[in-house]
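Student: One structure follows; several queries about it will come next.
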Amino acid sequence: MSKRDELIEKYAADIKDKIGETADMDLLTKVTIGLGPSIYNADSSTVSGSDASEVERVKTNFLIKKLGLKDGPELDEAIAKVMEQYGVSNRNKYRAVVYYLLVKHFNKSSVY
């Protein structure tokens with residue numbers, strides 16, 4: 001099993017354990033592949049929900065540029081909802097899982 005496959009399994013387990021859902025493995029795999037080499041870096045593989053600049057980066061680079069959404073309060077609300085869903089006290093929020101949940105929230109799986 002490749003390193004990427006191991007990470008995808010870890011992300012799927014996180015979705016099951018922390019969110020209580022069974023991951024759509026096809027979509028999770030596509031989102032993970034879309035993140036490229038950032039998933040292998042300890043800092044860039046996670047998202048800090050309490051860091052305003054990090055949340056802004058997720059909104060600008062992923063929701064607006066990648067998913068093609070229009071900027072507005074609903075983007076901030078969606079990020080806050082996903083952070084709440086993933087667990088505010090959970091310090092290791094994997095970027096792939098956060099992005100996967102945002103794709104599902106906005107029904108944008110067609111982008112992948």
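Following the order of the structure tokens, first chain is A, next is B, and so on, with residues numbered from 1 inside each chain and ligands from 1 in the order they appear.
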In region 1-105 of chain A, what's alpha helix (DSSP H) per DSSP? Answer as number ranges by chain?
Tutor: A: 3-14, 25-34, 52-57, 73-86, 95-105
Student: Write out as an MDAnalysis selection string which residues come within 10 Å of Tyr99 (chain A) when counting only C-alpha atoms, dropping same-chain ones fewer than 2 positions away.
Tutor: chainID A and resid 28 31:32 35 47 58 62:63 79 82 94:97 101:105
Student: Just to be explicit: take each residue in the selection above, keep N, CA, C and O atoms, and write the result as a tab-separated table (two decimals), in the first residue's frame.
Tutor:
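Generated output (selection_2.tsv):
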chain	number	residue	atom	x	y	z
A	28	LEU	N	-13.31	11.04	-1.49
A	28	LEU	CA	-12.20	11.30	-0.57
A	28	LEU	C	-10.85	11.10	-1.28
A	28	LEU	O	-9.94	11.90	-1.11
A	31	VAL	N	-10.30	14.12	-3.66
A	31	VAL	CA	-9.95	15.33	-2.91
A	31	VAL	C	-8.51	15.24	-2.44
A	31	VAL	O	-7.74	16.20	-2.54
A	32	THR	N	-8.12	14.07	-1.93
A	32	THR	CA	-6.76	13.87	-1.43
A	32	THR	C	-5.74	14.02	-2.55
A	32	THR	O	-4.72	14.69	-2.39
A	35	LEU	N	-4.99	17.55	-3.47
A	35	LEU	CA	-4.14	18.31	-2.56
A	35	LEU	C	-2.66	18.14	-2.86
A	35	LEU	O	-1.84	18.89	-2.35
A	47	VAL	N	-5.47	21.68	9.15
A	47	VAL	CA	-6.08	23.01	9.13
A	47	VAL	C	-6.33	23.43	10.57
A	47	VAL	O	-6.88	22.66	11.36
A	58	VAL	N	-8.37	28.82	3.37
A	58	VAL	CA	-9.28	27.75	2.95
A	58	VAL	C	-10.40	28.35	2.10
A	58	VAL	O	-10.74	27.83	1.03
A	62	PHE	N	-9.57	27.43	-1.68
A	62	PHE	CA	-10.34	26.22	-1.98
A	62	PHE	C	-11.77	26.54	-2.40
A	62	PHE	O	-12.18	26.17	-3.50
A	63	LEU	N	-12.51	27.21	-1.54
A	63	LEU	CA	-13.93	27.43	-1.85
A	63	LEU	C	-14.14	28.34	-3.05
A	63	LEU	O	-14.99	28.08	-3.90
A	79	ILE	N	-17.53	26.87	6.72
A	79	ILE	CA	-16.25	26.50	7.34
A	79	ILE	C	-16.45	26.30	8.84
A	79	ILE	O	-15.97	25.32	9.41
A	82	VAL	N	-18.25	23.02	9.47
A	82	VAL	CA	-17.36	21.87	9.28
A	82	VAL	C	-16.39	21.73	10.45
A	82	VAL	O	-16.15	20.63	10.95
A	94	TYR	N	-7.42	17.17	9.59
A	94	TYR	CA	-6.74	16.93	8.32
A	94	TYR	C	-7.37	17.75	7.21
A	94	TYR	O	-8.60	17.80	7.06
A	95	ARG	N	-6.52	18.40	6.44
A	95	ARG	CA	-6.97	19.25	5.34
A	95	ARG	C	-7.86	18.47	4.37
A	95	ARG	O	-8.89	18.96	3.93
A	96	ALA	N	-7.47	17.25	4.05
A	96	ALA	CA	-8.25	16.44	3.11
A	96	ALA	C	-9.66	16.19	3.63
A	96	ALA	O	-10.63	16.24	2.87
A	97	VAL	N	-9.79	15.97	4.94
A	97	VAL	CA	-11.11	15.72	5.52
A	97	VAL	C	-11.93	17.02	5.54
A	97	VAL	O	-13.12	17.01	5.19
A	101	LEU	N	-15.41	17.46	3.50
A	101	LEU	CA	-16.66	17.87	4.14
A	101	LEU	C	-17.24	19.13	3.48
A	101	LEU	O	-18.46	19.25	3.33
A	102	LEU	N	-16.37	20.05	3.07
A	102	LEU	CA	-16.83	21.26	2.39
A	102	LEU	C	-17.39	20.93	1.00
A	102	LEU	O	-18.41	21.49	0.60
A	103	VAL	N	-16.76	20.02	0.30
A	103	VAL	CA	-17.27	19.59	-1.01
A	103	VAL	C	-18.66	19.00	-0.84
A	103	VAL	O	-19.59	19.31	-1.59
A	104	LYS	N	-18.82	18.15	0.15
A	104	LYS	CA	-20.12	17.54	0.41
A	104	LYS	C	-21.16	18.59	0.84
A	104	LYS	O	-22.30	18.55	0.39
A	105	HIS	N	-20.74	19.54	1.68
A	105	HIS	CA	-21.65	20.59	2.15
A	105	HIS	C	-22.23	21.39	0.98
A	105	HIS	O	-23.41	21.70	0.97
Student: Name the residues in contact with Gly49 (chain A) at a cut-off of 8 Å, using only C-alpha atoms, excluding same-chain residues fewer than 4 positions from it; report them as a VMD selection string.
Tutor: chain A and resid 54 to 55 80 83 88
Student: So the first atom is CA of Lys30 (chain A) and the second is CA of Lys81 (chain A); what is the distance between them in Å, to one decimal place?
Tutor: 22.2 Å
Student: When you count only C-alpha atoms, which of these residues is closest to Lys93 (chain A): A:Asp43, A:Glu9, A:Asp76, A:Asp24?
Tutor: A:Asp43
Student: Using only C-alpha atoms, find the one residue out of A:Arg4, A:Val98, A:Ala78, A:Pro73 that sits nearest to Pro37 (chain A).
Tutor: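 Result for the nearest residue to Pro37 (chain A): A:Arg4.
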Student: Please identify the strand (DSSP E or B) residues within region 1-103 of chain A (assignment by DSSP from backbone atoms) and present them as a list in words.
Tutor: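 Result set for region 1-103 of chain A (strand (DSSP E or B)): Thr46, Val47, Lys93 and Tyr94 of chain A.
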Student: May I have the residues within 12 Å of Asn90 (chain A) as a PyMOL selection string, using only C-alpha atoms and disregarding those fewer than 5 positions away in the same chain?
Tutor: chain A and resi 14+17-19+46-50+83-85
Student: May I have the selected residues written with N, CA, C and O atoms, as a PDB file, in the first residue's frame?
Tutor:
ATOM      1  N   ASP A  14     -10.918   8.753  10.323  1.00  0.00           N
ATOM      2  CA  ASP A  14     -11.208   9.996  11.033  1.00  0.00           C
ATOM      3  C   ASP A  14     -12.662  10.417  10.800  1.00  0.00           C
ATOM      4  O   ASP A  14     -13.350  10.850  11.732  1.00  0.00           O
ATOM      5  N   ASP A  17     -14.803   7.960  12.860  1.00  0.00           N
ATOM      6  CA  ASP A  17     -14.659   8.096  14.311  1.00  0.00           C
ATOM      7  C   ASP A  17     -15.123   9.450  14.836  1.00  0.00           C
ATOM      8  O   ASP A  17     -15.763   9.528  15.881  1.00  0.00           O
ATOM      9  N   LYS A  18     -14.789  10.528  14.135  1.00  0.00           N
ATOM     10  CA  LYS A  18     -15.047  11.868  14.666  1.00  0.00           C
ATOM     11  C   LYS A  18     -16.343  12.486  14.168  1.00  0.00           C
ATOM     12  O   LYS A  18     -16.893  13.374  14.810  1.00  0.00           O
ATOM     13  N   ILE A  19     -16.825  12.024  13.008  1.00  0.00           N
ATOM     14  CA  ILE A  19     -18.025  12.626  12.440  1.00  0.00           C
ATOM     15  C   ILE A  19     -19.186  11.637  12.437  1.00  0.00           C
ATOM     16  O   ILE A  19     -20.331  12.015  12.412  1.00  0.00           O
ATOM     17  N   THR A  46      -2.715  19.729   7.799  1.00  0.00           N
ATOM     18  CA  THR A  46      -3.788  20.006   8.746  1.00  0.00           C
ATOM     19  C   THR A  46      -4.281  21.439   8.612  1.00  0.00           C
ATOM     20  O   THR A  46      -3.598  22.294   8.043  1.00  0.00           O
ATOM     21  N   VAL A  47      -5.474  21.678   9.153  1.00  0.00           N
ATOM     22  CA  VAL A  47      -6.081  23.006   9.129  1.00  0.00           C
ATOM     23  C   VAL A  47      -6.332  23.428  10.570  1.00  0.00           C
ATOM     24  O   VAL A  47      -6.878  22.665  11.355  1.00  0.00           O
ATOM     25  N   SER A  48      -5.938  24.660  10.893  1.00  0.00           N
ATOM     26  CA  SER A  48      -6.207  25.206  12.216  1.00  0.00           C
ATOM     27  C   SER A  48      -7.477  26.043  12.133  1.00  0.00           C
ATOM     28  O   SER A  48      -7.483  27.107  11.519  1.00  0.00           O
ATOM     29  N   GLY A  49      -8.538  25.544  12.740  1.00  0.00           N
ATOM     30  CA  GLY A  49      -9.813  26.261  12.698  1.00  0.00           C
ATOM     31  C   GLY A  49      -9.820  27.535  13.513  1.00  0.00           C
ATOM     32  O   GLY A  49     -10.682  28.400  13.321  1.00  0.00           O
ATOM     33  N   SER A  50      -8.853  27.681  14.426  1.00  0.00           N
ATOM     34  CA  SER A  50      -8.814  28.879  15.266  1.00  0.00           C
ATOM     35  C   SER A  50      -7.896  29.962  14.695  1.00  0.00           C
ATOM     36  O   SER A  50      -7.840  31.065  15.221  1.00  0.00           O
ATOM     37  N   MET A  83     -15.860  22.848  10.925  1.00  0.00           N
ATOM     38  CA  MET A  83     -14.947  22.809  12.078  1.00  0.00           C
ATOM     39  C   MET A  83     -15.670  22.287  13.319  1.00  0.00           C
ATOM     40  O   MET A  83     -15.127  21.492  14.082  1.00  0.00           O
ATOM     41  N   GLU A  84     -16.908  22.714  13.490  1.00  0.00           N
ATOM     42  CA  GLU A  84     -17.735  22.252  14.620  1.00  0.00           C
ATOM     43  C   GLU A  84     -18.014  20.752  14.485  1.00  0.00           C
ATOM     44  O   GLU A  84     -17.902  19.991  15.442  1.00  0.00           O
ATOM     45  N   GLN A  85     -18.363  20.349  13.271  1.00  0.00           N
ATOM     46  CA  GLN A  85     -18.671  18.943  12.989  1.00  0.00           C
ATOM     47  C   GLN A  85     -17.449  18.055  13.239  1.00  0.00           C
ATOM     48  O   GLN A  85     -17.569  16.971  13.792  1.00  0.00           O
TER      49      GLN A  85
END
Student: Give me, please, the distance in Å between CA of Ser110 (chain A) and CA of Asp71 (chain A), quoted to one decimal.
Tutor: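 CA of Ser110 (chain A) sits 19.5 Å away from CA of Asp71 (chain A).
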Student: Hey, which of A:Leu75, A:Ile8, A:Ile64, A:Leu27 ends up closest to Ile39 (chain A)? Count only C-alpha atoms.
Tutor: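 Using only C-alpha atoms, Ile39 (chain A) sits closest to A:Ile8.
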Student: Smallest atom-to-atom distance to Tyr11 (chain A): which of A:Tyr86, A:Thr60, A:Gly72, A:Asp51, using only C-alpha atoms?
Tutor: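 Looking only at the distances to Tyr11 (chain A), the closest residue turns out to be A:Tyr86.
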